[in-house]
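Peer 1: So that you have it, the file is data-v8.cif, and it contains mmCIF, C-alpha atoms:
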```
data_my_file
loop_
_atom_site.label_atom_id
_atom_site.label_comp_id
_atom_site.auth_asym_id
_atom_site.auth_seq_id
_atom_site.Cartn_x
_atom_site.Cartn_y
_atom_site.Cartn_z
CA ASP A 11 -69.45 -61.92 33.39
CA ALA A 12 -67.96 -60.62 36.64
CA GLY A 13 -64.94 -59.18 34.88
CA VAL A 14 -61.37 -59.51 36.13
CA ILE A 15 -61.40 -60.13 39.85
CA GLN A 16 -58.52 -59.11 42.06
CA SER A 17 -58.00 -59.71 45.75
CA PRO A 18 -57.43 -58.23 48.20
CA ARG A 19 -58.57 -54.69 47.34
CA HIS A 20 -56.28 -53.23 49.98
CA GLU A 21 -53.25 -54.69 51.71
CA VAL A 22 -51.18 -53.12 54.44
CA THR A 23 -48.13 -55.05 55.52
CA GLU A 24 -44.89 -54.56 57.37
CA MET A 25 -41.57 -54.39 55.61
CA GLY A 26 -40.07 -57.84 55.22
CA GLN A 27 -43.35 -59.69 55.09
CA GLU A 28 -44.50 -61.79 52.15
CA VAL A 29 -47.37 -60.40 50.09
CA THR A 30 -49.51 -62.38 47.65
CA LEU A 31 -51.85 -60.68 45.21
CA ARG A 32 -54.47 -62.73 43.38
CA CYS A 33 -56.21 -62.42 40.04
CA LYS A 34 -59.01 -64.29 38.31
CA PRO A 35 -59.13 -63.39 34.60
CA ILE A 36 -62.22 -63.37 32.44
CA SER A 37 -63.18 -66.88 31.39
CA GLY A 38 -61.95 -67.62 27.88
CA HIS A 39 -59.28 -64.95 27.86
CA ASN A 40 -55.88 -66.40 26.98
CA SER A 41 -53.57 -63.55 28.01
CA LEU A 42 -53.02 -62.16 31.50
CA PHE A 43 -51.03 -59.08 32.48
CA TRP A 44 -49.75 -57.75 35.80
CA TYR A 45 -49.17 -53.98 36.05
CA ARG A 46 -47.93 -51.68 38.78
CA GLN A 47 -49.00 -48.02 38.99
CA THR A 48 -47.38 -45.24 40.99
CA MET A 49 -47.62 -41.47 40.73
CA MET A 50 -43.97 -41.21 39.76
CA ARG A 51 -43.77 -43.97 37.14
CA GLY A 52 -47.32 -44.37 35.87
CA LEU A 53 -48.46 -47.78 34.61
CA GLU A 54 -45.64 -50.32 34.29
CA LEU A 55 -46.03 -53.79 32.81
CA LEU A 56 -44.46 -56.32 35.17
CA ILE A 57 -45.15 -59.61 33.41
CA TYR A 58 -47.60 -61.18 31.02
CA PHE A 59 -48.75 -64.73 30.37
CA ASN A 60 -50.09 -66.27 27.20
CA ASN A 61 -51.98 -69.56 27.61
CA ASN A 62 -50.67 -69.75 31.21
CA VAL A 63 -47.02 -69.49 30.09
CA PRO A 64 -44.92 -66.46 31.12
CA ILE A 65 -43.90 -64.68 27.94
CA ASP A 66 -42.17 -61.51 29.08
CA ASP A 67 -41.08 -60.85 32.67
CA SER A 68 -38.57 -58.13 31.85
CA GLY A 69 -40.65 -55.64 33.82
CA MET A 70 -40.36 -57.54 37.09
CA PRO A 71 -38.23 -55.19 39.19
CA GLU A 72 -36.11 -57.78 40.99
CA ASP A 73 -35.95 -61.30 42.33
CA ARG A 74 -38.23 -60.40 45.21
CA PHE A 75 -41.10 -60.43 42.72
CA SER A 76 -42.49 -63.64 41.27
CA ALA A 77 -45.65 -64.50 39.37
CA LYS A 78 -47.41 -67.75 38.61
CA MET A 79 -50.36 -68.86 36.56
CA PRO A 80 -51.09 -72.48 37.51
CA ASN A 81 -54.24 -72.61 35.37
CA ALA A 82 -56.31 -70.48 33.02
CA SER A 83 -58.47 -69.08 35.80
CA PHE A 84 -55.96 -67.97 38.40
CA SER A 85 -52.72 -66.04 38.78
CA THR A 86 -50.68 -64.76 41.70
CA LEU A 87 -48.06 -62.05 42.11
CA LYS A 88 -45.85 -62.55 45.14
CA ILE A 89 -43.43 -60.13 46.76
CA GLN A 90 -41.00 -61.62 49.27
CA PRO A 91 -39.68 -59.79 51.21
CA SER A 92 -41.72 -56.65 50.73
CA GLU A 93 -40.20 -53.16 50.98
CA PRO A 94 -41.78 -49.70 51.39
CA ARG A 95 -40.88 -48.82 47.79
CA ASP A 96 -43.18 -51.62 46.62
CA SER A 97 -46.15 -49.55 47.75
CA ALA A 98 -48.34 -49.03 44.69
CA VAL A 99 -51.57 -50.09 43.04
CA TYR A 100 -51.21 -53.42 41.29
CA PHE A 101 -53.54 -54.16 38.40
CA CYS A 102 -54.29 -57.41 36.66
CA ALA A 103 -55.73 -57.41 33.13
CA SER A 104 -56.77 -60.10 30.70
CA SER A 105 -57.42 -60.20 26.97
CA SER A 106 -58.48 -62.61 24.27
CA HIS A 107 -56.38 -63.30 21.20
CA GLY A 108 -54.79 -59.88 20.97
CA GLY A 109 -57.95 -57.92 21.70
CA GLY A 110 -58.38 -55.06 24.12
CA TYR A 111 -57.55 -55.53 27.77
CA THR A 112 -60.05 -55.72 30.61
CA PHE A 113 -58.60 -54.53 33.89
CA GLY A 114 -59.46 -55.49 37.43
CA SER A 115 -60.13 -52.96 40.16
CA GLY A 116 -56.59 -53.25 41.46
CA THR A 117 -54.93 -54.00 44.79
CA ARG A 118 -53.64 -51.02 46.73
CA LEU A 119 -50.51 -52.22 48.56
CA THR A 120 -48.96 -50.25 51.39
CA VAL A 121 -45.74 -51.50 52.92
CA VAL A 122 -44.84 -49.78 56.19
CA ASP W 5 -42.34 -49.58 19.06
CA ALA W 6 -44.62 -46.72 18.20
CA LYS W 7 -44.75 -43.81 20.63
CA THR W 8 -47.63 -41.43 21.21
CA THR W 9 -47.81 -37.77 22.16
CA GLN W 10 -50.81 -36.37 24.01
CA PRO W 11 -51.39 -33.01 25.68
CA PRO W 12 -50.93 -33.43 29.44
CA SER W 13 -54.26 -31.81 30.31
CA MET W 14 -57.44 -30.38 28.80
CA ASP W 15 -60.65 -28.75 30.02
CA CYS W 16 -64.10 -29.09 28.53
CA ALA W 17 -67.47 -27.65 29.51
CA GLU W 18 -70.16 -30.10 30.55
CA GLY W 19 -72.50 -30.93 27.65
CA ARG W 20 -69.98 -29.94 25.00
CA ALA W 21 -67.96 -32.30 22.81
CA ALA W 22 -64.54 -33.18 24.17
CA ASN W 23 -61.93 -33.69 21.45
CA LEU W 24 -58.76 -35.38 22.61
CA PRO W 25 -55.85 -35.43 20.15
CA CYS W 26 -53.08 -37.99 19.87
CA ASN W 27 -49.99 -38.01 17.71
CA HIS W 28 -48.64 -41.44 16.73
CA SER W 29 -46.45 -40.62 13.75
CA THR W 30 -44.25 -43.72 14.18
CA ILE W 31 -47.09 -46.21 14.20
CA SER W 32 -46.64 -49.11 11.80
CA GLY W 33 -49.20 -50.25 9.28
CA ASN W 34 -50.59 -53.14 11.29
CA GLU W 35 -50.67 -51.52 14.73
CA TYR W 36 -54.09 -50.69 16.08
CA VAL W 37 -54.69 -47.54 18.10
CA TYR W 38 -56.50 -48.12 21.37
CA TRP W 39 -58.05 -45.58 23.72
CA TYR W 40 -58.52 -46.20 27.42
CA ARG W 41 -59.45 -43.98 30.30
CA GLN W 42 -58.76 -44.20 34.00
CA ILE W 43 -61.05 -42.61 36.50
CA HIS W 44 -59.39 -41.88 39.82
CA SER W 45 -58.57 -45.02 41.83
CA GLN W 46 -60.12 -47.36 39.27
CA GLY W 47 -58.60 -49.71 36.71
CA PRO W 48 -58.22 -48.44 33.14
CA GLN W 49 -61.38 -48.83 31.09
CA TYR W 50 -61.48 -49.67 27.39
CA ILE W 51 -63.14 -47.02 25.20
CA ILE W 52 -62.56 -47.77 21.54
CA HIS W 53 -59.95 -48.88 19.02
CA GLY W 54 -59.28 -48.61 15.30
CA LEU W 55 -56.82 -49.32 12.52
CA LYS W 56 -57.62 -47.16 9.51
CA ASN W 57 -61.31 -46.35 9.45
CA ASN W 58 -63.17 -44.06 11.79
CA GLU W 59 -65.01 -45.91 14.52
CA THR W 60 -67.99 -45.14 16.74
CA ASN W 61 -69.52 -46.91 19.70
CA GLU W 62 -71.82 -45.99 22.56
CA MET W 63 -69.03 -44.23 24.41
CA ALA W 64 -67.12 -42.28 21.80
CA SER W 65 -66.01 -41.76 18.23
CA LEU W 66 -62.48 -42.25 16.93
CA ILE W 67 -61.22 -40.26 13.96
CA ILE W 68 -57.98 -41.51 12.41
CA THR W 69 -56.19 -39.42 9.81
CA GLU W 70 -55.63 -40.96 6.40
CA ASP W 71 -51.87 -41.16 6.96
CA ARG W 72 -52.53 -42.75 10.40
CA LYS W 73 -50.11 -40.37 12.07
CA SER W 74 -52.69 -38.97 14.42
CA SER W 75 -56.14 -39.60 15.81
CA THR W 76 -58.80 -37.80 17.82
CA LEU W 77 -61.11 -39.26 20.41
CA ILE W 78 -64.47 -37.50 20.58
CA LEU W 79 -66.80 -37.66 23.56
CA PRO W 80 -69.91 -36.09 21.99
CA HIS W 81 -71.64 -34.78 25.11
CA ALA W 82 -69.21 -34.71 28.00
CA THR W 83 -70.49 -35.18 31.54
CA LEU W 84 -68.78 -34.66 34.88
CA ARG W 85 -68.28 -38.43 35.08
CA ASP W 86 -66.04 -38.26 32.02
CA THR W 87 -63.34 -36.54 34.08
CA ALA W 88 -60.43 -38.97 33.84
CA VAL W 89 -56.99 -39.57 32.36
CA TYR W 90 -57.31 -40.65 28.73
CA TYR W 91 -54.66 -42.84 27.16
CA CYS W 92 -53.96 -43.23 23.45
CA LEU W 93 -52.10 -46.51 22.95
CA PRO W 94 -50.68 -48.40 20.02
CA MET W 95 -50.85 -52.17 20.25
CA ASP W 96 -47.58 -53.65 19.08
CA SER W 97 -47.00 -56.86 17.13
CA ASN W 98 -46.80 -58.81 20.39
CA TYR W 99 -50.30 -57.59 21.32
CA GLN W 100 -48.90 -55.39 24.07
CA LEU W 101 -50.29 -51.95 24.79
CA ILE W 102 -47.64 -49.27 25.20
CA TRP W 103 -48.70 -46.85 27.93
CA GLY W 104 -47.73 -43.18 28.06
CA ALA W 105 -48.73 -40.39 30.44
CA GLY W 106 -52.12 -39.71 28.86
CA THR W 107 -54.27 -36.57 28.91
CA LYS W 108 -55.99 -35.48 32.10
CA LEU W 109 -59.44 -34.33 30.98
CA ILE W 110 -61.39 -32.15 33.37
CA ILE W 111 -65.06 -31.59 32.65
CA LYS W 112 -66.28 -28.34 34.19
CA PRO W 113 -69.91 -27.61 35.11
#
```
Could you rewrite the structure in this file as structure tokens?

Peer 2:
Amino acid sequence: DAGVIQSPRHEVTEMGQEVTLRCKPISGHNSLFWYRQTMMRGLELLIYFNNNVPIDDSGMPEDRFSAKMPNASFSTLKIQPSEPRDSAVYFCASSSHGGGYTFGSGTRLTVV
Amino acid sequence: DAKTTQPPSMDCAEGRAANLPCNHSTISGNEYVYWYRQIHSQGPQYIIHGLKNNETNEMASLIITEDRKSSTLILPHATLRDTAVYYCLPMDSNYQLIWGAGTKLIIKP
């Protein structure tokens, strides 16, 4: 099993541009989580899906952020328009039936 | 939701056992305690979890007090590669892990 796969690993973009982060969960896992990590705020849960359905998006900071999970093997987190304060490491994690999470390697986003 | 308290940092000599404490006095009866660690720039890595009984795997041992108000993660023979931030996390009834600040463990040669 290749684990949770995130792409890209690094993204540098200009303020105002659209950014799309991608995640492929572990096959068979039914829950998917998007996290953001910064030095100031630590790990923050943005949104999670259960069986491809968004369950809790209360952590999404504002309307500029959106997430989709069109099927069990793929999810995206989109920021439009991006701002410098969105700079962070974004992690995707998946789990099976309430078990422990497996995290991806993260996407380091820098908005200049 | 249950909250946890961990010391912000700890040191341990290489080759010795590292004992990381966690207080979770508000944990409910059906909430598991999970331990993760995060090595610099990497995603958090699962270590171990438990409910009531002590647990052991190839990475660590988990000792949970009888009243479940606290637990200790034990790395039996710490190496330099065990330097990381260690998180003690309850899993709530919605199967969500509740992240705190963790303990920064530094293994010294």

Peer 1: Enter the distance from CA of Glu62 (chain W) to CA of Ser45 (chain W), in Å, rounded to one decimal.

Peer 2: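 Interatomic distance here is 23.4 Å.
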
Peer 1: Define the interface residues of chain A facing chain W as those within 9 Å, counting only C-alpha atoms, and report them as a PyMOL selection string.

Peer 2: chain A and resi 52-55+99+101-103+107-116

Peer 1: For CA of Leu55 (chain W) and CA of Ile78 (chain W), quote the distance in Å rounded to one decimal.

Peer 2: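 Separation of CA of Leu55 (chain W) and CA of Ile78 (chain W): 16.2 Å.
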
Peer 1: Figure out the distance between CA of Cys33 (chain A) and CA of Pro71 (chain A), please, to one decimal in Å.

Peer 2: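 Between CA of Pro71 (chain A) and CA of Cys33 (chain A) the gap works out to 19.4 Å.
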
Peer 1: Contacts of Asn58 (chain W) at 10 Å or less, counting only C-alpha atoms, minus same-chain residues fewer than 3 places along, as a list of chain:residue names?

Peer 2: W:His53, W:Gly54, W:Leu55, W:Ser65, W:Leu66, W:Ile67, W:Ile68, W:Thr69, W:Glu70, W:Ser75, W:Thr76
